[in-house]
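Enquirer: Sharing coords.pdb below, PDB, C-alpha atoms and all ligand atoms:
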ATOM      1  CA  MET A   1     117.012  68.764  69.452
ATOM      2  CA  GLY A   2     114.894  70.461  66.751
ATOM      3  CA  THR A   3     111.179  70.993  67.235
ATOM      4  CA  VAL A   4     109.028  68.002  66.381
ATOM      5  CA  LEU A   5     106.436  69.475  64.048
ATOM      6  CA  ILE A   6     103.207  67.703  64.976
ATOM      7  CA  SER A   7     100.354  68.803  62.697
ATOM      8  CA  LYS A   8      97.392  68.227  65.042
ATOM      9  CA  LYS A   9      96.746  71.926  65.825
ATOM     10  CA  THR A  10      97.253  73.201  62.251
ATOM     11  CA  ALA A  11      95.015  70.411  60.904
ATOM     12  CA  ALA A  12      92.343  71.193  63.543
ATOM     13  CA  ASN A  13      92.400  74.888  62.560
ATOM     14  CA  LEU A  14      91.836  73.958  58.928
ATOM     15  CA  PHE A  15      88.934  71.699  59.961
ATOM     16  CA  LYS A  16      87.411  74.718  61.735
ATOM     17  CA  GLU A  17      87.928  76.922  58.675
ATOM     18  CA  SER A  18      86.280  74.277  56.483
ATOM     19  CA  ASN A  19      83.393  73.941  58.914
ATOM     20  CA  THR A  20      82.742  77.681  58.710
ATOM     21  CA  LEU A  21      82.447  77.410  54.912
ATOM     22  CA  LEU A  22      80.241  74.318  55.271
ATOM     23  CA  GLU A  23      77.947  76.025  57.798
ATOM     24  CA  GLU A  24      77.403  78.844  55.334
ATOM     25  CA  LEU A  25      76.402  76.244  52.729
ATOM     26  CA  ARG A  26      74.156  74.367  55.161
ATOM     27  CA  SER A  27      72.358  77.610  55.975
ATOM     28  CA  LYS A  28      71.468  77.760  52.254
ATOM     29  CA  GLY A  29      70.247  74.143  52.356
ATOM     30  CA  VAL A  30      73.303  72.773  50.507
ATOM     31  CA  LYS A  31      74.842  69.459  51.656
ATOM     32  CA  PRO A  32      78.247  68.870  50.025
ATOM     33  CA  GLY A  33      79.073  65.387  48.787
ATOM     34  CA  LEU A  34      82.336  63.572  48.046
ATOM     35  CA  ALA A  35      82.378  60.491  45.790
ATOM     36  CA  VAL A  36      85.350  58.148  46.086
ATOM     37  CA  ILE A  37      86.187  55.548  43.462
ATOM     38  CA  LEU A  38      88.163  52.581  44.752
ATOM     39  CA  VAL A  39      89.434  49.849  42.424
ATOM     40  CA  GLY A  40      90.805  46.630  43.963
ATOM     41  CA  ASN A  41      91.599  45.998  47.616
ATOM     42  CA  ASN A  42      94.978  47.571  48.358
ATOM     43  CA  PRO A  43      95.174  47.581  52.217
ATOM     44  CA  ALA A  44      96.869  51.025  52.330
ATOM     45  CA  SER A  45      94.110  52.500  50.130
ATOM     46  CA  GLU A  46      91.456  50.937  52.414
ATOM     47  CA  LEU A  47      93.081  52.659  55.393
ATOM     48  CA  TYR A  48      93.294  56.064  53.681
ATOM     49  CA  ILE A  49      89.646  55.813  52.618
ATOM     50  CA  LYS A  50      88.600  54.965  56.162
ATOM     51  CA  LYS A  51      90.358  58.128  57.408
ATOM     52  CA  LYS A  52      88.785  60.249  54.678
ATOM     53  CA  LYS A  53      85.311  58.923  55.578
ATOM     54  CA  ILE A  54      85.807  59.698  59.282
ATOM     55  CA  ALA A  55      86.791  63.288  58.376
ATOM     56  CA  CYS A  56      83.754  63.697  56.104
ATOM     57  CA  ASP A  57      81.418  62.263  58.763
ATOM     58  CA  GLU A  58      82.835  64.719  61.286
ATOM     59  CA  LEU A  59      81.872  67.650  59.043
ATOM     60  CA  SER A  60      78.570  66.125  57.778
ATOM     61  CA  ILE A  61      79.855  65.808  54.214
ATOM     62  CA  THR A  62      78.025  63.053  52.301
ATOM     63  CA  PHE A  63      80.592  60.319  51.570
ATOM     64  CA  GLU A  64      79.748  58.019  48.665
ATOM     65  CA  LEU A  65      82.162  55.108  48.178
ATOM     66  CA  LEU A  66      82.027  53.306  44.816
ATOM     67  CA  ARG A  67      83.969  50.062  45.060
ATOM     68  CA  PHE A  68      85.067  48.052  42.032
ATOM     69  CA  ASP A  69      86.768  44.710  41.634
ATOM     70  CA  GLU A  70      90.271  45.040  40.138
ATOM     71  CA  LYS A  71      88.973  43.231  37.032
ATOM     72  CA  VAL A  72      86.594  46.105  36.265
ATOM     73  CA  SER A  73      87.070  47.618  32.799
ATOM     74  CA  GLN A  74      88.555  51.068  32.368
ATOM     75  CA  GLU A  75      85.474  51.979  30.328
ATOM     76  CA  LYS A  76      83.230  51.305  33.348
ATOM     77  CA  ILE A  77      85.339  53.651  35.498
ATOM     78  CA  LEU A  78      85.234  56.370  32.821
ATOM     79  CA  GLN A  79      81.431  56.010  32.602
ATOM     80  CA  THR A  80      81.139  56.190  36.390
ATOM     81  CA  ILE A  81      83.160  59.432  36.496
ATOM     82  CA  ASP A  82      81.016  60.842  33.717
ATOM     83  CA  LYS A  83      77.841  60.125  35.744
ATOM     84  CA  LEU A  84      79.370  61.699  38.866
ATOM     85  CA  ASN A  85      80.395  64.782  36.874
ATOM     86  CA  ASN A  86      76.686  65.273  36.164
ATOM     87  CA  LYS A  87      75.338  64.298  39.576
ATOM     88  CA  GLU A  88      73.888  67.277  41.400
ATOM     89  CA  THR A  89      74.470  65.962  44.945
ATOM     90  CA  ILE A  90      78.195  65.335  44.352
ATOM     91  CA  ASN A  91      80.559  68.333  44.463
ATOM     92  CA  ALA A  92      83.835  66.466  44.673
ATOM     93  CA  ILE A  93      85.256  63.323  43.039
ATOM     94  CA  LEU A  94      88.317  61.392  44.176
ATOM     95  CA  VAL A  95      89.882  58.400  42.439
ATOM     96  CA  GLN A  96      91.955  56.550  45.017
ATOM     97  CA  LEU A  97      95.481  55.950  43.699
ATOM     98  CA  PRO A  98      97.247  53.786  42.770
ATOM     99  CA  LEU A  99      94.991  52.215  40.151
ATOM    100  CA  PRO A 100      95.846  48.748  38.803
ATOM    101  CA  LYS A 101      98.793  48.848  36.362
ATOM    102  CA  ASN A 102      96.687  48.174  33.243
ATOM    103  CA  PHE A 103      94.703  51.417  33.772
ATOM    104  CA  ASP A 104      95.541  54.669  32.006
ATOM    105  CA  THR A 105      95.690  56.785  35.173
ATOM    106  CA  PRO A 106      96.154  60.208  33.470
ATOM    107  CA  LYS A 107      93.154  59.514  31.220
ATOM    108  CA  ILE A 108      90.990  58.545  34.188
ATOM    109  CA  LEU A 109      92.047  61.539  36.287
ATOM    110  CA  ASN A 110      91.447  63.924  33.396
ATOM    111  CA  THR A 111      87.905  62.613  32.916
ATOM    112  CA  ILE A 112      87.006  64.219  36.258
ATOM    113  CA  SER A 113      85.500  67.676  35.775
ATOM    114  CA  PRO A 114      88.071  70.271  36.976
ATOM    115  CA  LEU A 115      85.187  71.772  38.974
ATOM    116  CA  LYS A 116      84.860  68.517  40.950
ATOM    117  CA  ASP A 117      88.571  67.614  40.990
ATOM    118  CA  VAL A 118      89.077  67.487  44.773
ATOM    119  CA  ASP A 119      92.689  66.246  44.546
ATOM    120  CA  GLY A 120      93.728  68.879  41.987
ATOM    121  CA  PHE A 121      95.245  66.216  39.709
ATOM    122  CA  THR A 122      93.568  67.240  36.437
ATOM    123  CA  ALA A 123      95.771  68.917  33.835
ATOM    124  CA  PHE A 124      93.596  72.019  34.233
ATOM    125  CA  ASN A 125      94.089  72.448  37.976
ATOM    126  CA  LEU A 126      97.771  71.435  37.820
ATOM    127  CA  GLY A 127      98.237  73.894  34.941
ATOM    128  CA  LEU A 128      96.719  76.780  36.911
ATOM    129  CA  LEU A 129      99.596  76.461  39.380
ATOM    130  CA  ASN A 130     101.990  77.485  36.593
ATOM    131  CA  TYR A 131     100.086  80.747  36.402
ATOM    132  CA  GLU A 132     100.411  81.143  40.199
ATOM    133  CA  LYS A 133      96.685  80.484  40.567
ATOM    134  CA  GLU A 134      96.154  78.153  43.516
ATOM    135  CA  GLU A 135      92.536  77.083  43.096
ATOM    136  CA  ILE A 136      92.171  73.381  43.888
ATOM    137  CA  VAL A 137      95.589  72.155  44.988
ATOM    138  CA  SER A 138      96.845  68.624  45.750
ATOM    139  CA  CYS A 139      95.984  67.889  49.392
ATOM    140  CA  THR A 140      99.448  66.626  50.363
ATOM    141  CA  ALA A 141     101.347  69.446  48.623
ATOM    142  CA  GLN A 142      98.966  72.029  50.100
ATOM    143  CA  GLY A 143      99.202  70.382  53.537
ATOM    144  CA  ILE A 144     103.011  70.539  53.456
ATOM    145  CA  VAL A 145     103.013  74.257  52.626
ATOM    146  CA  ARG A 146     100.358  75.035  55.242
ATOM    147  CA  LEU A 147     102.385  73.212  57.894
ATOM    148  CA  LEU A 148     105.608  74.948  56.800
ATOM    149  CA  GLU A 149     103.881  78.327  56.963
ATOM    150  CA  SER A 150     102.540  77.535  60.459
ATOM    151  CA  THR A 151     106.161  77.641  61.705
ATOM    152  CA  GLY A 152     106.631  81.202  60.432
ATOM    153  CA  THR A 153     109.390  79.977  58.122
ATOM    154  CA  VAL A 154     110.350  82.448  55.407
ATOM    155  CA  ILE A 155     110.050  80.467  52.173
ATOM    156  CA  GLU A 156     111.105  83.355  49.908
ATOM    157  CA  GLY A 157     114.800  83.134  49.082
ATOM    158  CA  SER A 158     115.213  79.680  50.661
ATOM    159  CA  ASN A 159     116.706  76.628  48.967
ATOM    160  CA  ALA A 160     114.049  73.917  48.919
ATOM    161  CA  CYS A 161     114.719  70.333  47.925
ATOM    162  CA  ILE A 162     111.869  67.940  47.153
ATOM    163  CA  VAL A 163     112.575  64.216  46.851
ATOM    164  CA  ASN A 164     109.603  63.123  44.706
ATOM    165  CA  HIS A 165     108.367  64.201  41.287
ATOM    166  CA  SER A 166     104.847  62.764  41.183
ATOM    167  CA  ILE A 167     101.697  64.778  40.421
ATOM    168  CA  VAL A 168     100.497  63.830  43.915
ATOM    169  CA  VAL A 169     103.320  65.559  45.802
ATOM    170  CA  GLY A 170     106.479  66.812  44.056
ATOM    171  CA  ARG A 171     105.166  68.586  40.968
ATOM    172  CA  PRO A 172     102.404  70.657  42.614
ATOM    173  CA  LEU A 173     104.627  71.284  45.645
ATOM    174  CA  SER A 174     107.458  72.597  43.458
ATOM    175  CA  GLN A 175     105.018  75.134  41.996
ATOM    176  CA  LEU A 176     103.683  76.185  45.406
ATOM    177  CA  LEU A 177     107.237  76.775  46.659
ATOM    178  CA  LEU A 178     108.263  78.570  43.455
ATOM    179  CA  ASN A 179     105.158  80.753  43.787
ATOM    180  CA  ARG A 180     106.465  81.726  47.247
ATOM    181  CA  GLY A 181     109.955  82.604  46.008
ATOM    182  CA  ALA A 182     111.961  79.490  46.905
ATOM    183  CA  THR A 183     114.707  78.101  44.685
ATOM    184  CA  VAL A 184     113.504  74.552  44.131
ATOM    185  CA  THR A 185     115.457  71.376  43.372
ATOM    186  CA  ILE A 186     113.472  68.236  42.525
ATOM    187  CA  CYS A 187     115.114  64.841  43.062
ATOM    188  CA  HIS A 188     113.984  61.359  42.061
ATOM    189  CA  SER A 189     115.306  57.829  41.585
ATOM    190  CA  LYS A 190     117.635  58.885  38.768
ATOM    191  CA  THR A 191     119.269  61.699  40.743
ATOM    192  CA  THR A 192     122.948  60.729  40.800
ATOM    193  CA  ASP A 193     124.026  62.342  44.077
ATOM    194  CA  LEU A 194     120.975  62.764  46.303
ATOM    195  CA  ALA A 195     122.968  63.922  49.356
ATOM    196  CA  MET A 196     124.589  66.759  47.407
ATOM    197  CA  HIS A 197     121.126  68.254  46.815
ATOM    198  CA  THR A 198     119.567  67.472  50.200
ATOM    199  CA  LYS A 199     122.567  68.959  52.077
ATOM    200  CA  ASN A 200     122.055  72.284  50.320
ATOM    201  CA  ALA A 201     118.410  72.566  51.390
ATOM    202  CA  ASP A 202     117.021  74.972  53.972
ATOM    203  CA  ILE A 203     113.719  73.158  53.476
ATOM    204  CA  LEU A 204     113.922  69.446  52.728
ATOM    205  CA  ILE A 205     110.768  67.550  51.811
ATOM    206  CA  THR A 206     110.754  63.858  51.070
ATOM    207  CA  ALA A 207     107.934  61.588  49.854
ATOM    208  CA  VAL A 208     109.356  58.310  48.592
ATOM    209  CA  GLY A 209     108.265  55.458  50.871
ATOM    210  CA  LYS A 210     111.788  54.179  51.572
ATOM    211  CA  PRO A 211     112.679  53.963  55.271
ATOM    212  CA  LYS A 212     115.961  55.697  56.245
ATOM    213  CA  LEU A 213     116.499  57.129  52.752
ATOM    214  CA  ILE A 214     117.463  60.414  54.440
ATOM    215  CA  ASN A 215     119.947  60.344  57.331
ATOM    216  CA  GLY A 216     121.748  62.967  59.386
ATOM    217  CA  THR A 217     124.748  63.184  57.053
ATOM    218  CA  MET A 218     122.402  64.352  54.270
ATOM    219  CA  VAL A 219     120.820  67.259  56.143
ATOM    220  CA  LYS A 220     122.045  70.847  56.533
ATOM    221  CA  SER A 221     122.284  72.110  60.100
ATOM    222  CA  GLY A 222     119.095  74.029  61.005
ATOM    223  CA  ALA A 223     117.111  72.779  57.994
ATOM    224  CA  ILE A 224     113.374  72.122  58.173
ATOM    225  CA  VAL A 225     112.746  68.483  57.357
ATOM    226  CA  ILE A 226     109.273  67.420  56.227
ATOM    227  CA  ASP A 227     108.725  63.704  55.831
ATOM    228  CA  ALA A 228     105.676  62.758  53.743
ATOM    229  CA  GLY A 229     106.875  59.219  52.985
ATOM    230  CA  ILE A 230     104.858  56.303  54.312
ATOM    231  CA  ALA A 231     106.201  52.770  54.561
ATOM    232  CA  LYS A 232     105.948  49.755  56.837
ATOM    233  CA  GLU A 233     109.021  48.594  58.745
ATOM    234  CA  ASN A 234     108.762  45.718  61.217
ATOM    235  CA  GLY A 235     104.980  46.246  61.303
ATOM    236  CA  LYS A 236     105.342  49.953  62.175
ATOM    237  CA  THR A 237     104.408  52.947  60.009
ATOM    238  CA  VAL A 238     107.553  54.946  59.227
ATOM    239  CA  GLY A 239     108.654  57.707  56.854
ATOM    240  CA  ASP A 240     111.763  58.237  54.711
ATOM    241  CA  VAL A 241     113.791  60.034  57.356
ATOM    242  CA  ASP A 242     115.998  58.340  59.911
ATOM    243  CA  PHE A 243     114.422  60.382  62.722
ATOM    244  CA  GLU A 244     117.066  59.606  65.363
ATOM    245  CA  SER A 245     120.008  60.754  63.241
ATOM    246  CA  VAL A 246     118.246  63.859  61.874
ATOM    247  CA  LYS A 247     116.368  65.215  64.904
ATOM    248  CA  ASP A 248     119.393  66.997  66.428
ATOM    249  CA  ILE A 249     120.463  68.570  63.128
ATOM    250  CA  ALA A 250     117.106  69.886  61.875
ATOM    251  CA  SER A 251     115.390  72.976  63.293
ATOM    252  CA  TYR A 252     111.999  71.323  62.687
ATOM    253  CA  ILE A 253     111.210  67.719  61.823
ATOM    254  CA  THR A 254     107.833  66.102  61.142
ATOM    255  CA  PRO A 255     107.096  62.718  62.698
ATOM    256  CA  VAL A 256     105.536  59.773  60.851
ATOM    257  CA  PRO A 257     102.746  59.221  61.757
ATOM    258  CA  GLY A 258     101.351  62.551  63.026
ATOM    259  CA  GLY A 259     103.053  64.887  60.520
ATOM    260  CA  ILE A 260     101.788  65.247  56.957
ATOM    261  CA  GLY A 261      99.081  62.540  57.070
ATOM    262  CA  PRO A 262      96.576  64.616  59.138
ATOM    263  CA  MET A 263      97.312  67.685  56.977
ATOM    264  CA  THR A 264      96.400  65.742  53.818
ATOM    265  CA  ILE A 265      93.039  64.771  55.329
ATOM    266  CA  ALA A 266      92.353  68.321  56.574
ATOM    267  CA  CYS A 267      93.138  69.727  53.105
ATOM    268  CA  LEU A 268      90.787  67.182  51.538
ATOM    269  CA  VAL A 269      87.782  68.423  53.536
ATOM    270  CA  PHE A 270      88.890  71.998  52.856
ATOM    271  CA  ASN A 271      88.919  71.265  49.103
ATOM    272  CA  VAL A 272      85.451  69.659  49.320
ATOM    273  CA  ALA A 273      84.155  72.787  51.058
ATOM    274  CA  LYS A 274      85.877  75.060  48.531
ATOM    275  CA  LEU A 275      84.424  73.160  45.555
ATOM    276  CA  ALA A 276      80.955  73.206  47.114
ATOM    277  CA  MET A 277      81.252  76.982  47.622
ATOM    278  CA  LEU A 278      82.263  77.369  43.957
ATOM    279  CA  HIS A 279      79.239  75.322  42.813
ATOM    280  CA  ASN A 280      76.869  77.386  44.847
ATOM    281  CA  SER A 281      78.282  80.843  44.280
ATOM    282  CA  ALA A 282      76.743  81.306  40.845
TER
HETATM  283  P1  LIG A 301     105.257  57.643  43.620
HETATM  284  O1  LIG A 301     104.584  58.217  42.450
HETATM  285  O2  LIG A 301     105.670  56.210  43.609
HETATM  286  O3  LIG A 301     106.500  58.571  43.970
HETATM  287  C1  LIG A 301     107.674  58.115  44.547
HETATM  288  C2  LIG A 301     108.749  59.107  44.230
HETATM  289  O4  LIG A 301     109.961  58.729  44.859
HETATM  290  C3  LIG A 301     109.054  59.179  42.732
HETATM  291  O5  LIG A 301     109.271  60.533  42.384
HETATM  292  C4  LIG A 301     110.331  58.362  42.626
HETATM  293  O6  LIG A 301     111.132  58.683  41.522
HETATM  294  C5  LIG A 301     111.018  58.727  43.906
HETATM  295  N1  LIG A 301     112.032  57.766  44.313
HETATM  296  C6  LIG A 301     111.946  56.414  44.339
HETATM  297  N2  LIG A 301     113.099  55.879  44.788
HETATM  298  C7  LIG A 301     113.934  56.916  45.043
HETATM  299  C8  LIG A 301     115.250  56.998  45.506
HETATM  300  N3  LIG A 301     115.956  55.910  45.825
HETATM  301  N4  LIG A 301     115.814  58.211  45.642
HETATM  302  C9  LIG A 301     115.122  59.344  45.339
HETATM  303  N5  LIG A 301     113.833  59.321  44.891
HETATM  304  C10 LIG A 301     113.253  58.115  44.741
HETATM  305  O7  LIG A 301     104.319  57.792  44.901
HETATM  306  P2  LIG A 301     103.537  59.057  45.519
HETATM  307  O8  LIG A 301     102.090  58.833  45.346
HETATM  308  O9  LIG A 301     104.122  60.328  45.066
HETATM  309  O10 LIG A 301     103.870  58.830  47.066
HETATM  310  C11 LIG A 301     105.192  58.856  47.519
HETATM  311  C12 LIG A 301     105.255  58.557  49.009
HETATM  312  O11 LIG A 301     104.500  59.550  49.694
HETATM  313  C13 LIG A 301     104.665  57.207  49.416
HETATM  314  O12 LIG A 301     105.369  56.718  50.536
HETATM  315  C14 LIG A 301     103.245  57.569  49.818
HETATM  316  O13 LIG A 301     102.700  56.643  50.746
HETATM  317  C15 LIG A 301     103.494  58.902  50.470
HETATM  318  N6  LIG A 301     102.311  59.774  50.496
HETATM  319  C16 LIG A 301     101.967  60.271  51.690
HETATM  320  C17 LIG A 301     100.872  61.077  51.808
HETATM  321  C18 LIG A 301     100.518  61.627  53.143
HETATM  322  O14 LIG A 301      99.424  62.125  53.319
HETATM  323  N7  LIG A 301     101.429  61.588  54.114
HETATM  324  C19 LIG A 301     100.109  61.391  50.672
HETATM  325  C20 LIG A 301     100.523  60.908  49.433
HETATM  326  C21 LIG A 301     101.628  60.092  49.352
HETATM  327  P3  LIG A 301     111.021  57.800  40.151
HETATM  328  O15 LIG A 301     109.696  58.109  39.555
HETATM  329  O16 LIG A 301     112.169  58.299  39.348
HETATM  330  O17 LIG A 301     111.133  56.364  40.566
END
Would you put the structure from the file into structure tokens?
Ligand code: NAP

Expert:
Amino acid sequence: MGTVLISKKTAANLFKESNTLLEELRSKGVKPGLAVILVGNNPASELYIKKKKIACDELSITFELLRFDEKVSQEKILQTIDKLNNKETINAILVQLPLPKNFDTPKILNTISPLKDVDGFTAFNLGLLNYEKEEIVSCTAQGIVRLLESTGTVIEGSNACIVNHSIVVGRPLSQLLLNRGATVTICHSKTTDLAMHTKNADILITAVGKPKLINGTMVKSGAIVIDAGIAKENGKTVGDVDFESVKDIASYITPVPGGIGPMTIACLVFNVAKLAMLHNSA
């Protein structure tokens, strides 16, 4: 059986690294603050926000949650972001996705100042990745690469396949892997023969939210399989990978839960610390 790649230790190390940055700020009398905008009452979003708050509390980061009814106007959200962009005590702004369907998500995300864009979803921070500048990088994409690197895997020269093309995971991740010399294939719902691409991958990363999308027949022997998908099946949290059929084929496989989720949270606090350092370095 391949190694089950639990992220607890790598996530804890990143918490420690973030705390070192935060201690330096505290010694200068700076208390970093994260503002989170939540629209509606999606149960999954509520759960993610709870986890983000726990992580912030652990590192004494001020956590300001701004809740809005799903009937709130887009204009009100844009005004709120504008106020937060100018608020001295807030270093980092996060808009919890998904937003209701009638919202212009790109417009809202791009109203966040790139200097407070903790998720790295603004066109500015996403664009920097094309220039191989990894300043503020998507927490999930960054978390995946950090976990991959913790295994000592050589990314340069590998074939990497990503099943997802969103700005949250697939697009920033493709840049991070390209920046490290991988040959990257990006798959999505219109990919005609998914298995053909996944079977060629030395590093296979999936983030779809469809249980058992990836099974053992779709995985190359010895591949590293990273499962960032999250779905509910029979009341249990599961990923995209059929763990039982893949675990003996892969060299490493991440579990769900306990794989990418904790890395995403650890990268969030790291990004808050990094933004706060940037604000206070001038
Ligand atoms: P999203 O924007 O809905 O992305 C889903 C992706 O899956 C899209 O690229 C979509 O392609 C693709 N897809 C859908 N059906 C497919 C199929 N049958 N075959 C191949 N690709 C298919 O959502 P997201 O925000 O990126 O999140 C994706 C998943 O990752 C969700 O399960 C989410 O919960 C999880 N996630 C986990 C973490 C974590 O910390 N572990 C963080 C973020 C997200 P099309 O656009 O062509 O439909």

Enquirer: Box time for ligand LIG 301 (chain A): axis-aligned, enclosing all its listed atoms, 3 Å extra on each side; report centre and edge lengths in Å to one decimal, as AutoDock Vina command-line options.

Expert:
--center_x 107.7 --center_y 59.0 --center_z 46.7 --size_x 22.5 --size_y 12.2 --size_z 20.8

Enquirer: Name the residues in contact with Leu129 (chain A) at a cut-off of 9 Å, using only C-alpha atoms, excluding same-chain residues fewer than 6 positions from it; report them as a list in words.

Expert: Glu135, Val137, Pro172, Gln175, Leu176 and Asn179 of chain A

Enquirer: Calculated over all atoms listed in the file, which of the candidates A:Pro262, A:Leu178, A:Lys274, A:Thr105 has the smallest distance to Lys51 (chain A)?

Expert: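 Going through A:Pro262, A:Leu178, A:Lys274, A:Thr105 one by one, the smallest distance to Lys51 (chain A) is for A:Pro262.
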
Enquirer: Please write the residues picked by the PyMOL selection byres (((not hetatm)) within 8 of (chain A and resi 301)) on this file as a VMD selection string.

Expert: chain A and resid 97 to 98 139 to 140 163 to 170 187 to 191 194 206 to 210 213 227 to 231 239 to 240 259 to 265

Enquirer: Residues picked by the PyMOL selection byres (((chain A and resi 72-83) around 12) and not hetatm) here, as a PyMOL selection string?

Expert: chain A and resi 35-40+65-71+84-90+92-96+99-114+116-117

Enquirer: CA of Cys56 (chain A) and CA of Thr122 (chain A), how far apart in Å?

Expert: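 Those two atoms sit 22.3 Å apart.
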
Enquirer: I'd like the interatomic distance between CA of Tyr252 (chain A) and CA of Ala266 (chain A), to a tenth of an Å.

Expert: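 Atom-to-atom, CA of Tyr252 (chain A) to CA of Ala266 (chain A), that is 20.8 Å.
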
Enquirer: Please write the residues picked by the PyMOL selection byres (((chain A and resi 60) around 12) and not hetatm) on this file as a PyMOL selection string.

Expert: chain A and resi 15+18-19+22-23+25-26+30-34+53-59+61-63+269+272-273

Enquirer: Could you tell me how far CA of Asp193 (chain A) lies from CA of Leu5 (chain A), in Å and to one decimal?

Expert: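 Taking CA of Asp193 (chain A) as the start and CA of Leu5 (chain A) as the end point, the length is 27.6 Å.
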
Enquirer: Counting all atoms listed in the file, figure out which residue out of A:Lys50, A:Lys199, A:Lys232, A:Arg146 gets nearest to Pro211 (chain A).

Expert: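 The answer is A:Lys232, which sits nearest to Pro211 (chain A).
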
Enquirer: Quick one: residues within 10 Å of Asn200 (chain A), all atoms listed in the file counted, chain neighbours fewer than 6 positions away excluded, as a list in words?

Expert: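 Contacts, in chain order: Asn159, Ala160, Cys161, Thr185, Met218, Val219, Lys220, Ser221 and Ala223 of chain A.
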